[in-house]
$ cat run-v2.txt   # compact mmCIF, C-alpha atoms
# COMPACT_ATOMS: atom_id res chain seq x y z
CA MET A 1184 13.95 21.72 -53.68
CA SER A 1185 16.60 23.55 -51.65
CA LYS A 1186 15.77 26.48 -49.42
CA SER A 1187 18.01 28.79 -51.52
CA THR A 1188 16.30 27.73 -54.74
CA HIS A 1189 12.89 28.38 -53.19
CA HIS A 1190 14.08 31.81 -52.06
CA ARG A 1191 15.33 32.69 -55.55
CA ARG A 1192 11.96 31.70 -57.01
CA PHE A 1193 10.28 34.06 -54.56
CA VAL A 1194 12.62 36.90 -55.55
CA LEU A 1195 11.97 36.19 -59.22
CA GLN A 1196 8.21 36.33 -58.68
CA SER A 1197 8.62 39.58 -56.77
CA ILE A 1198 10.57 41.12 -59.63
CA ALA A 1199 7.94 39.89 -62.06
CA GLY A 1200 5.25 41.54 -60.01
CA SER A 1201 7.12 44.82 -59.97
CA LEU A 1202 7.62 44.68 -63.72
CA ALA A 1203 4.12 43.64 -64.70
CA LEU A 1204 2.31 46.85 -63.81
CA PRO A 1205 4.77 49.44 -65.19
CA GLY A 1206 5.61 47.24 -68.14
CA LEU A 1207 2.05 46.42 -69.18
CA GLN A 1208 -0.14 49.19 -67.86
CA SER A 1209 2.00 52.10 -69.02
CA LEU A 1210 2.28 50.89 -72.58
CA ARG A 1211 -0.99 52.26 -73.79
CA ALA A 1212 0.64 54.17 -76.60
CA GLU A 1213 -0.37 57.53 -77.98
CA SER A 1214 -1.17 59.42 -81.56
CA GLY A 1215 -4.76 62.22 -85.14
CA GLY A 1216 -6.68 64.70 -89.01
CA ALA A 1217 -9.91 66.04 -90.03
CA SER A 1218 -11.00 64.40 -93.28
CA LEU A 1219 -7.69 63.32 -94.78
CA PRO A 1220 -7.28 59.74 -95.98
CA VAL A 1221 -5.32 57.38 -93.78
CA GLN A 1222 -2.63 57.03 -96.43
CA ALA A 1223 -1.89 60.77 -96.35
CA ALA A 1224 -1.48 60.95 -92.59
CA ARG A 1225 2.30 60.63 -92.44
CA GLU A 1226 2.82 63.11 -95.28
CA THR A 1227 0.89 65.79 -93.40
CA GLY A 1228 2.49 65.11 -90.04
CA LEU A 1229 -0.74 63.68 -88.68
CA GLY A 1230 0.57 60.20 -87.94
CA GLY A 1231 1.00 56.62 -89.12
CA ASP A 1232 0.65 54.91 -92.48
CA GLY A 1233 -1.46 51.89 -91.62
CA SER A 1234 -3.56 52.11 -94.75
CA GLY A 1235 -5.81 49.07 -95.12
CA SER A 1236 -4.95 47.62 -91.70
CA ARG A 1237 -7.70 45.87 -89.73
CA ARG A 1238 -9.12 47.78 -86.77
CA PHE A 1239 -11.62 47.10 -84.01
CA VAL A 1240 -13.82 49.40 -81.91
CA ALA A 1241 -16.31 48.33 -79.22
CA VAL A 1242 -18.96 50.63 -77.76
CA GLY A 1243 -21.10 49.63 -74.80
CA ASN A 1244 -23.50 51.19 -72.35
CA LEU A 1245 -24.35 50.22 -68.79
CA LEU A 1246 -28.11 49.77 -68.91
CA GLY A 1247 -28.99 48.25 -72.27
CA PHE A 1248 -31.75 49.35 -74.66
CA GLN A 1249 -35.49 48.91 -74.89
CA GLN A 1250 -35.64 45.56 -76.62
CA ASN A 1251 -39.05 45.97 -78.28
CA GLN A 1252 -37.92 49.31 -79.71
CA PHE A 1253 -34.51 47.98 -80.73
CA PHE A 1254 -34.94 44.56 -82.36
CA PRO A 1255 -36.75 44.14 -85.69
CA GLU A 1256 -39.06 41.19 -86.33
CA THR A 1257 -38.16 40.23 -89.90
CA PRO A 1258 -34.80 38.46 -90.38
CA GLY A 1259 -32.64 39.22 -93.38
CA LYS A 1260 -32.19 42.38 -95.40
CA ALA A 1261 -35.87 43.39 -95.24
CA PHE A 1262 -35.78 44.02 -91.49
CA GLU A 1263 -37.98 46.81 -90.12
CA GLU A 1264 -36.59 50.22 -89.21
CA THR A 1265 -37.37 50.20 -85.50
CA THR A 1266 -37.44 53.33 -83.36
CA LEU A 1267 -33.91 52.81 -82.04
CA LEU A 1268 -32.44 51.65 -85.36
CA LYS A 1269 -33.85 54.64 -87.23
CA PRO A 1270 -30.72 56.77 -86.51
CA LEU A 1271 -28.70 54.17 -88.44
CA ALA A 1272 -30.89 54.35 -91.56
CA GLU A 1273 -28.31 56.20 -93.67
CA ILE A 1274 -25.67 53.59 -92.91
CA ARG A 1275 -28.06 50.61 -92.90
CA ASP A 1276 -26.19 48.68 -95.58
CA GLN A 1277 -23.05 48.75 -93.41
CA ILE A 1278 -24.54 47.15 -90.29
CA THR A 1279 -25.68 43.74 -89.11
CA VAL A 1280 -28.10 43.49 -86.18
CA TYR A 1281 -28.02 40.33 -84.06
CA ARG A 1282 -30.61 38.96 -81.66
CA GLY A 1283 -30.09 35.95 -79.41
CA LEU A 1284 -26.40 36.48 -78.60
CA ASP A 1285 -25.24 36.63 -74.97
CA HIS A 1286 -23.01 34.88 -72.45
CA GLY A 1287 -25.72 32.92 -70.63
CA LEU A 1288 -24.96 34.75 -67.39
CA ARG A 1289 -26.95 36.23 -64.53
CA GLY A 1290 -26.07 39.09 -62.22
CA GLY A 1291 -27.68 42.28 -63.49
CA HIS A 1292 -25.30 45.19 -62.95
CA PHE A 1293 -22.69 42.78 -61.56
CA ALA A 1294 -22.49 40.95 -64.89
CA VAL A 1295 -22.39 43.96 -67.22
CA HIS A 1296 -18.59 43.91 -67.06
CA THR A 1297 -18.67 40.58 -68.95
CA PHE A 1298 -19.91 42.18 -72.17
CA LEU A 1299 -16.55 41.85 -73.96
CA SER A 1300 -15.24 38.81 -72.07
CA GLY A 1301 -18.07 36.39 -71.32
CA VAL A 1302 -16.47 35.68 -67.95
CA LEU A 1303 -17.42 36.99 -64.51
CA HIS A 1304 -14.43 38.60 -62.81
CA HIS A 1305 -14.80 36.58 -59.61
CA GLU A 1306 -14.88 33.32 -61.59
CA SER A 1307 -11.82 34.06 -63.71
CA LYS A 1308 -8.97 33.13 -61.35
CA GLN A 1309 -8.40 29.60 -62.66
CA ARG A 1310 -8.71 30.48 -66.35
CA PRO A 1311 -5.45 30.87 -68.35
CA ASP A 1312 -6.66 34.15 -69.87
CA GLY A 1313 -8.71 35.24 -66.85
CA ASN A 1314 -11.55 37.52 -67.87
CA VAL A 1315 -9.59 39.28 -70.60
CA THR A 1316 -11.85 41.25 -72.92
CA ILE A 1317 -11.75 40.89 -76.68
CA ASP A 1318 -10.18 44.34 -77.17
CA GLN A 1319 -7.25 43.52 -74.88
CA PHE A 1320 -6.97 40.01 -76.31
CA ILE A 1321 -6.51 41.53 -79.77
CA ALA A 1322 -4.26 44.34 -78.51
CA ASP A 1323 -1.94 41.79 -76.90
CA GLU A 1324 -1.28 40.38 -80.37
CA ILE A 1325 -1.24 43.43 -82.66
CA GLY A 1326 -0.84 46.36 -80.28
CA THR A 1327 2.90 46.80 -80.82
CA GLN A 1328 2.25 47.91 -84.40
CA THR A 1329 0.95 51.30 -83.25
CA ARG A 1330 1.86 53.94 -80.69
CA PHE A 1331 -1.04 52.85 -78.50
CA PRO A 1332 -1.83 49.13 -78.21
CA SER A 1333 -5.40 50.20 -77.38
CA LEU A 1334 -7.47 53.12 -76.14
CA THR A 1335 -10.05 52.67 -73.39
CA VAL A 1336 -12.44 55.60 -73.05
CA GLY A 1337 -15.12 55.96 -70.39
CA SER A 1338 -15.80 57.48 -66.99
CA GLU A 1339 -14.87 56.85 -63.38
CA GLY A 1340 -18.29 57.78 -62.02
CA GLY A 1341 -21.69 56.17 -61.86
CA ILE A 1342 -23.13 52.84 -60.80
CA HIS A 1343 -20.64 50.46 -59.14
CA GLY A 1344 -17.64 52.65 -59.89
CA GLY A 1345 -16.00 53.54 -63.15
CA CYS A 1346 -15.88 52.06 -66.61
CA GLN A 1347 -15.49 48.26 -66.54
CA LEU A 1348 -15.58 47.50 -70.25
CA SER A 1349 -11.92 46.41 -70.62
CA TRP A 1350 -9.96 43.85 -68.59
CA THR A 1351 -6.47 42.36 -68.96
CA LYS A 1352 -5.48 38.70 -68.78
CA SER A 1353 -4.28 39.26 -65.24
CA GLY A 1354 -7.75 40.38 -64.16
CA VAL A 1355 -6.94 44.08 -63.95
CA ARG A 1356 -9.54 46.61 -65.03
CA VAL A 1357 -8.10 48.94 -67.66
CA PRO A 1358 -8.65 52.45 -66.30
CA PRO A 1359 -10.44 54.65 -68.82
CA ILE A 1360 -9.46 57.95 -70.36
CA THR A 1361 -12.24 60.01 -68.85
CA GLY A 1362 -12.94 62.91 -71.19
CA PRO A 1363 -12.09 64.61 -74.49
CA ALA A 1364 -9.43 66.84 -72.90
CA ALA A 1365 -7.42 63.88 -71.60
CA LEU A 1366 -7.96 61.89 -74.81
CA PHE A 1367 -6.83 64.87 -76.91
CA GLU A 1368 -3.66 65.22 -74.81
CA LYS A 1369 -2.91 61.53 -75.11
CA LEU A 1370 -3.27 61.63 -78.87
CA PHE A 1371 -1.71 64.96 -79.78
CA VAL A 1372 0.30 66.60 -76.99
CA THR A 1373 3.96 65.64 -77.21
CA GLU A 1374 5.76 65.46 -73.89
CA SER A 1375 8.55 67.92 -73.13
CA LYS A 1376 12.12 66.98 -74.04
CA ALA A 1377 12.86 66.45 -70.36
CA ARG A 1378 9.91 64.09 -69.98
CA ARG A 1379 10.85 62.17 -73.12
CA SER A 1380 14.44 61.87 -71.92
CA HIS A 1381 13.13 60.52 -68.62
CA GLN A 1382 11.02 57.95 -70.48
CA ILE A 1383 14.03 56.84 -72.52
CA ARG A 1384 16.08 56.36 -69.34
CA GLU A 1385 13.18 54.51 -67.74
CA ASN A 1386 12.89 52.23 -70.76
CA SER A 1387 16.62 51.46 -70.62
CA LEU A 1388 16.41 50.68 -66.93
CA GLN A 1389 13.49 48.33 -67.45
CA ALA A 1390 15.35 46.63 -70.31
CA SER A 1391 18.33 46.13 -68.01
CA ILE A 1392 16.11 44.67 -65.27
CA LEU A 1393 14.48 42.35 -67.79
CA ASP A 1394 17.89 41.09 -68.91
CA SER A 1395 18.78 40.36 -65.29
CA VAL A 1396 15.49 38.57 -64.65
CA VAL A 1397 15.86 36.42 -67.78
CA GLU A 1398 19.41 35.49 -66.76
CA GLN A 1399 18.29 34.47 -63.26
CA ALA A 1400 15.32 32.53 -64.59
CA GLY A 1401 17.49 30.74 -67.14
CA SER A 1402 19.90 29.64 -64.44
CA LEU A 1403 17.09 28.59 -62.15
CA SER A 1404 15.30 26.54 -64.83
CA LYS A 1405 18.17 24.02 -64.84
CA ARG A 1406 17.61 23.17 -61.16
CA VAL A 1407 13.86 22.87 -60.69
CA ASN A 1408 11.48 19.94 -61.09
CA ARG A 1409 9.13 19.40 -64.02
CA ASP A 1410 6.16 21.19 -62.45
CA ASP A 1411 8.21 24.25 -61.61
CA LYS A 1412 9.81 24.14 -65.06
CA ALA A 1413 6.32 24.46 -66.56
CA LYS A 1414 5.66 27.46 -64.33
CA LEU A 1415 8.97 29.02 -65.37
CA ASP A 1416 8.14 28.45 -69.06
CA GLU A 1417 4.87 30.29 -68.49
CA TYR A 1418 6.81 33.06 -66.78
CA PHE A 1419 9.26 33.28 -69.71
CA SER A 1420 6.26 33.73 -71.99
CA SER A 1421 5.16 36.67 -69.85
CA ILE A 1422 8.65 38.16 -69.96
CA ARG A 1423 8.73 37.90 -73.75
CA ASP A 1424 5.43 39.75 -73.86
CA VAL A 1425 6.86 42.51 -71.66
CA GLU A 1426 9.98 42.67 -73.85
CA LYS A 1427 7.82 43.03 -76.95
CA ARG A 1428 5.87 45.89 -75.42
CA LEU A 1429 8.99 47.57 -74.10
CA GLN A 1430 10.55 47.47 -77.56
CA ALA A 1431 7.44 49.12 -78.97
CA ARG A 1432 7.53 51.82 -76.31
CA ARG A 1433 11.20 52.51 -76.98
CA ARG A 1434 10.43 52.80 -80.69
CA TRP A 1435 7.85 55.56 -80.06
CA ALA A 1436 9.67 57.43 -77.28
CA ASP A 1437 11.66 59.64 -79.68
CA GLN A 1438 8.86 60.27 -82.16
CA PRO A 1439 6.58 63.29 -81.77
CA LYS A 1440 2.86 62.82 -81.82
CA PRO A 1441 0.67 63.93 -84.74
CA GLN A 1442 -0.25 67.57 -85.17
CA PRO A 1443 -3.71 68.28 -83.70
CA PRO A 1444 -6.45 69.21 -86.18
CA PHE A 1445 -8.06 71.57 -83.65
CA GLU A 1446 -7.37 73.11 -80.25
CA LYS A 1447 -7.62 71.12 -77.05
CA PRO A 1448 -11.30 70.84 -76.07
CA ALA A 1449 -12.71 71.37 -72.58
CA ASP A 1450 -14.60 68.65 -70.75
CA THR A 1451 -18.27 69.43 -70.23
CA ASN A 1452 -20.44 66.38 -69.47
CA THR A 1453 -20.75 62.85 -70.83
CA VAL A 1454 -23.81 63.68 -72.93
CA ASP A 1455 -22.34 66.74 -74.64
CA ASP A 1456 -18.86 65.21 -74.83
CA LEU A 1457 -20.00 62.02 -76.58
CA PRO A 1458 -19.78 63.37 -80.17
CA LEU A 1459 -16.26 64.68 -79.50
CA LEU A 1460 -15.12 61.40 -77.96
CA TYR A 1461 -16.30 59.60 -81.09
CA GLU A 1462 -14.48 62.15 -83.25
CA LEU A 1463 -11.24 61.69 -81.34
CA ILE A 1464 -11.49 57.90 -81.63
CA ALA A 1465 -12.01 58.31 -85.39
CA LEU A 1466 -8.88 60.48 -85.52
CA ALA A 1467 -6.92 57.92 -83.51
CA LEU A 1468 -7.83 55.26 -86.08
CA GLN A 1469 -7.25 57.55 -89.03
CA THR A 1470 -3.74 58.46 -87.91
CA ASP A 1471 -2.95 54.85 -87.05
CA SER A 1472 -2.28 55.84 -83.46
CA THR A 1473 -4.14 52.70 -82.44
CA ARG A 1474 -6.11 49.93 -84.10
CA VAL A 1475 -8.13 48.93 -81.04
CA ALA A 1476 -10.45 51.17 -79.00
CA THR A 1477 -13.37 50.90 -76.60
CA LEU A 1478 -15.92 53.45 -75.43
CA GLU A 1479 -18.28 52.89 -72.50
CA ILE A 1480 -21.30 55.11 -71.92
CA GLY A 1481 -21.58 54.66 -68.19
CA GLY A 1482 -23.36 55.92 -65.12
CA SER A 1483 -22.11 59.47 -65.63
CA PHE A 1484 -24.42 59.79 -68.65
CA LEU A 1485 -26.97 62.10 -67.00
CA PRO A 1486 -30.53 62.49 -68.32
CA GLN A 1487 -30.55 66.05 -66.93
CA ASP A 1488 -28.13 67.00 -69.72
CA LEU A 1489 -30.85 66.01 -72.17
CA GLY A 1490 -33.53 67.91 -70.26
CA ILE A 1491 -34.88 64.89 -68.34
CA ASP A 1492 -35.17 65.37 -64.59
CA LYS A 1493 -34.67 61.70 -63.58
CA SER A 1494 -31.69 59.43 -62.93
CA TYR A 1495 -30.65 57.02 -65.69
CA HIS A 1496 -30.65 54.09 -63.26
CA SER A 1497 -34.12 54.77 -61.88
CA LEU A 1498 -35.49 55.20 -65.40
CA SER A 1499 -34.12 51.77 -66.32
CA HIS A 1500 -36.42 50.32 -63.62
CA HIS A 1501 -39.36 51.74 -65.54
CA GLY A 1502 -41.98 49.17 -64.44
CA ASN A 1503 -43.65 49.67 -67.85
CA ASP A 1504 -44.42 53.29 -67.02
CA ASP A 1505 -45.03 55.08 -70.32
CA GLU A 1506 -43.33 58.34 -69.31
CA ALA A 1507 -40.22 56.57 -68.05
CA ILE A 1508 -40.00 54.48 -71.21
CA ALA A 1509 -40.41 57.59 -73.37
CA ASN A 1510 -37.53 59.23 -71.50
CA LEU A 1511 -35.37 56.14 -71.96
CA ILE A 1512 -36.14 56.14 -75.68
CA THR A 1513 -34.91 59.75 -75.80
CA LEU A 1514 -31.64 58.79 -74.07
CA GLU A 1515 -31.11 55.69 -76.16
CA THR A 1516 -31.99 57.41 -79.44
CA TYR A 1517 -29.34 60.03 -78.69
CA GLN A 1518 -26.75 57.29 -78.14
CA LEU A 1519 -27.70 55.58 -81.42
CA GLU A 1520 -27.59 58.94 -83.24
CA GLN A 1521 -24.01 59.56 -82.12
CA PHE A 1522 -23.05 56.01 -83.01
CA GLY A 1523 -24.56 56.47 -86.48
CA THR A 1524 -22.62 59.71 -86.95
CA PHE A 1525 -19.42 57.90 -85.97
CA LEU A 1526 -20.04 55.18 -88.56
CA SER A 1527 -20.73 57.79 -91.23
CA ARG A 1528 -17.53 59.59 -90.23
CA LEU A 1529 -15.47 56.43 -90.70
CA ALA A 1530 -17.23 55.73 -94.00
CA ALA A 1531 -16.15 59.17 -95.29
CA ILE A 1532 -12.42 58.63 -94.60
CA GLU A 1533 -10.39 56.99 -97.36
CA ASP A 1534 -8.29 54.00 -96.37
CA GLY A 1535 -6.41 52.87 -99.44
CA ASP A 1536 -8.95 51.62 -101.97
CA GLN A 1537 -11.73 51.42 -99.38
CA SER A 1538 -13.14 53.43 -96.48
CA LEU A 1539 -11.94 53.41 -92.89
CA LEU A 1540 -15.28 51.83 -91.96
CA ASP A 1541 -14.55 48.99 -94.38
CA SER A 1542 -11.33 48.40 -92.43
CA THR A 1543 -12.89 48.73 -88.97
CA ALA A 1544 -15.20 46.26 -87.24
CA VAL A 1545 -17.35 48.33 -84.88
CA LEU A 1546 -19.31 46.51 -82.18
CA PHE A 1547 -22.17 48.29 -80.39
CA GLY A 1548 -24.28 46.95 -77.54
CA SER A 1549 -24.45 46.30 -73.82
CA GLY A 1550 -23.88 43.65 -71.18
CA MET A 1551 -27.44 44.32 -70.02
CA GLY A 1552 -30.29 42.76 -71.98
CA ASN A 1553 -33.35 44.08 -70.17
CA GLY A 1554 -32.63 46.92 -67.76
CA ASN A 1555 -36.06 46.75 -66.14
CA SER A 1556 -35.69 43.08 -65.13
CA HIS A 1557 -31.89 43.26 -64.90
CA THR A 1558 -31.26 40.31 -67.20
CA ASN A 1559 -27.99 39.74 -69.06
CA THR A 1560 -29.43 37.63 -71.86
CA ASP A 1561 -30.64 38.52 -75.37
CA LEU A 1562 -28.13 41.36 -75.60
CA PRO A 1563 -28.58 44.21 -78.09
CA ILE A 1564 -25.81 43.76 -80.67
CA VAL A 1565 -24.95 45.75 -83.79
CA LEU A 1566 -21.79 45.02 -85.76
CA ALA A 1567 -20.78 47.46 -88.48
CA GLY A 1568 -18.04 47.70 -91.09
CA GLY A 1569 -14.96 45.50 -91.17
CA GLY A 1570 -16.63 42.92 -93.40
CA TYR A 1571 -19.67 42.69 -91.12
CA GLY A 1572 -21.77 45.37 -92.78
CA ARG A 1573 -24.28 43.25 -94.66
CA GLY A 1574 -27.42 45.29 -94.11
CA GLU A 1575 -29.29 42.48 -92.41
CA PHE A 1576 -30.88 41.24 -89.19
CA LYS A 1577 -29.77 37.86 -87.83
CA LYS A 1578 -32.29 36.30 -85.46
CA LEU A 1579 -30.65 33.44 -83.59
CA ALA A 1580 -31.88 30.79 -81.17
CA THR A 1581 -32.19 32.08 -77.62
CA LYS A 1582 -31.84 28.64 -75.98
CA GLY A 1583 -31.35 24.96 -76.72
CA PRO A 1584 -28.62 23.18 -78.71
CA ALA A 1585 -28.77 25.77 -81.51
CA LYS A 1586 -27.89 28.61 -79.09
CA VAL A 1587 -24.72 30.47 -80.15
CA PRO A 1588 -22.54 32.20 -77.51
CA LEU A 1589 -21.61 35.83 -78.14
CA CYS A 1590 -17.97 34.78 -77.65
CA ASN A 1591 -18.20 32.82 -80.92
CA LEU A 1592 -18.61 36.14 -82.68
CA PHE A 1593 -15.59 37.46 -80.78
CA VAL A 1594 -13.51 34.55 -82.09
CA ASP A 1595 -14.45 35.54 -85.64
CA ILE A 1596 -13.58 39.20 -84.94
CA ALA A 1597 -10.18 38.22 -83.52
CA GLN A 1598 -9.43 35.98 -86.51
CA ARG A 1599 -10.28 38.76 -88.94
CA MET A 1600 -7.93 41.02 -86.98
CA GLY A 1601 -5.13 38.56 -87.72
CA VAL A 1602 -5.07 36.83 -84.34
CA SER A 1603 -4.51 33.09 -84.65
CA THR A 1604 -7.03 31.60 -82.22
CA GLU A 1605 -9.78 29.01 -82.23
CA SER A 1606 -11.37 30.06 -78.94
CA PHE A 1607 -12.08 33.02 -76.72
CA GLY A 1608 -13.83 33.29 -73.36
CA THR A 1609 -16.76 30.86 -73.31
CA SER A 1610 -16.86 30.25 -77.05
CA THR A 1611 -17.78 26.89 -78.56
CA GLY A 1612 -16.25 27.71 -81.94
CA SER A 1613 -16.15 30.53 -84.46
CA PHE A 1614 -19.34 32.30 -85.52
CA SER A 1615 -20.57 31.27 -88.95
$ encode --input "run-v2.txt" --output "structure tokens"
Amino acid sequence: MSKSTHHRRFVLQSIAGSLALPGLQSLRAESGGASLPVQAARETGLGGDGSGSRRFVAVGNLLGFQQNQFFPETPGKAFEETTLLKPLAEIRDQITVYRGLDHGLRGGHFAVHTFLSGVLHHESKQRPDGNVTIDQFIADEIGTQTRFPSLTVGSEGGIHGGCQLSWTKSGVRVPPITGPAALFEKLFVTESKARRSHQIRENSLQASILDSVVEQAGSLSKRVNRDDKAKLDEYFSSIRDVEKRLQARRRWADQPKPQPPFEKPADTNTVDDLPLLYELIALALQTDSTRVATLEIGGSFLPQDLGIDKSYHSLSHHGNDDEAIANLITLETYQLEQFGTFLSRLAAIEDGDQSLLDSTAVLFGSGMGNGNSHTNTDLPIVLAGGGYGRGEFKKLATKGPAKVPLCNLFVDIAQRMGVSTESFGTSTGSFS
């Protein structure tokens, strides 16, 4: 290969690097009503018309749940109403509880980020999809249909840094929207005309740069060897993905956001803000602003805001102390209560001839199995709505040849969302 050809490849890669971040990271689109059906959203100025479309929401916490207070004993529809499942009693027929699903990993806190991927970040470099999480995997395929490909909600405080629930194929952590005020603005506050004009010019400039890059790459592809041709083909695939996202962003740049159903809220604390974050996510789905969302309850969830004078992390190392466990049950019950309210909220919103919950698969759990021993196996998993609400408890093998990876369930979720795939992460097939 000539020196000039090698140099042009370097320039091309440099341009690609400069495009990847603004082209991919800034395309998290934006759009919100109280109890109106999805179908009526456009008529009222509240947003899109994605009636009946498939949606996916994942909710996770950092420290898991008390397993003996979470999991029932009896498989099937007659499962017991455990302490931590009691808040879901009213919506019981719309949930499925799983036991025995995990990624077979170790690492304690340093493996919690694998909850939605099944892959440790530091082991992802040689994988084609890196440690992409199921939300971003789905958003890559269907995200251009809405203003926001996905919404990632969480905090930037707590143990080991901020929210680590969502990761892209390139191994980049998706930074979270950190409170109801910022989420409200993203969904409902339309930028000024000057800002929108700037975005339109920026989109045009990026489109022009993309055209130039494609032209250079096309010329270069005729002069490289087979190995480099394969690399260029992979690069063209990335460019097409950027083009697709840029087209979606250009489509939304001129359109105002939905009218807000209430005034902009103030941020208080993660505990008190949790119900409002759930409400805003429900509105984002209802107005078809996005069809993919995640919410992480992280280290900024402070027990003091529930009247408990201990740290969440230290309580998780309870050492079987009765008082510590009782405090953890209080924290975890609150989280399940808010999750149950969210499910009921979705169930009350009409979505064509069904409810929004019927259209939305909602995953709830954690990348931590047992917080006291810091294990990442036997994860607490609840899957609601979206065809998964069967009102039953599935008790699966925890080891041996019958063991089913959690990623198998993610394959099934992706397929139901319309993504054509037979594998994801460390899956061995689709969950059945």
$ residues_around --input "run-v2.txt" --residues "A:Pro1270" --least-positions-apart "6" --cutoff "8 Å" --atoms "only C-alpha atoms" --output "list in words"
Thr1516, Leu1519, Glu1520 and Gly1523 of chain A
$ closest_residue --input "run-v2.txt" --among "A:Ala1322, A:Ile1508, A:Leu1514, A:Ile1342" --to "A:Val1602" --atoms "all atoms listed in the file"
A:Ala1322
$ closest_residue --input "run-v2.txt" --among "A:Asp1285, A:Asp1488, A:Glu1462, A:Glu1374" --to "A:Met1551" --atoms "all atoms listed in the file"
A:Asp1285
$ atom_distance --input "run-v2.txt" --atom1 "atom CA of A:Gly1601" --atom2 "atom CA of A:Val1280"
23.5 Å
$ closest_residue --input "run-v2.txt" --among "A:Thr1470, A:Phe1262, A:Thr1335, A:Gln1252" --to "A:Arg1275" --atoms "all atoms listed in the file"
A:Phe1262
$ atom_distance --input "run-v2.txt" --atom1 "atom CA of A:Leu1526" --atom2 "atom CA of A:Phe1593"
19.9 Å
$ closest_residue --input "run-v2.txt" --among "A:Val1315, A:Leu1566, A:Leu1529, A:Leu1268" --to "A:Leu1466" --atoms "all atoms listed in the file"
A:Leu1529
$ closest_residue --input "run-v2.txt" --among "A:Asn1408, A:Asn1244, A:Thr1560, A:Thr1316" --to "A:Lys1582" --atoms "all atoms listed in the file"
A:Thr1560
$ closest_residue --input "run-v2.txt" --among "A:Ser1300, A:Ser1527, A:Ser1338, A:Ser1236" --to "A:Phe1484" --atoms "all atoms listed in the file"
A:Ser1338
$ atom_distance --input "run-v2.txt" --atom1 "atom CA of A:Phe1371" --atom2 "atom CA of A:Lys1352"
28.7 Å
$ residues_near_point --input "run-v2.txt" --point "(-20.8, 33.6, -77.0)" --cutoff "8 Å" --atoms "all atoms listed in the file" --output "MDAnalysis selection string"
chainID A and resid 1284:1286 1301 1587:1593 1608:1611
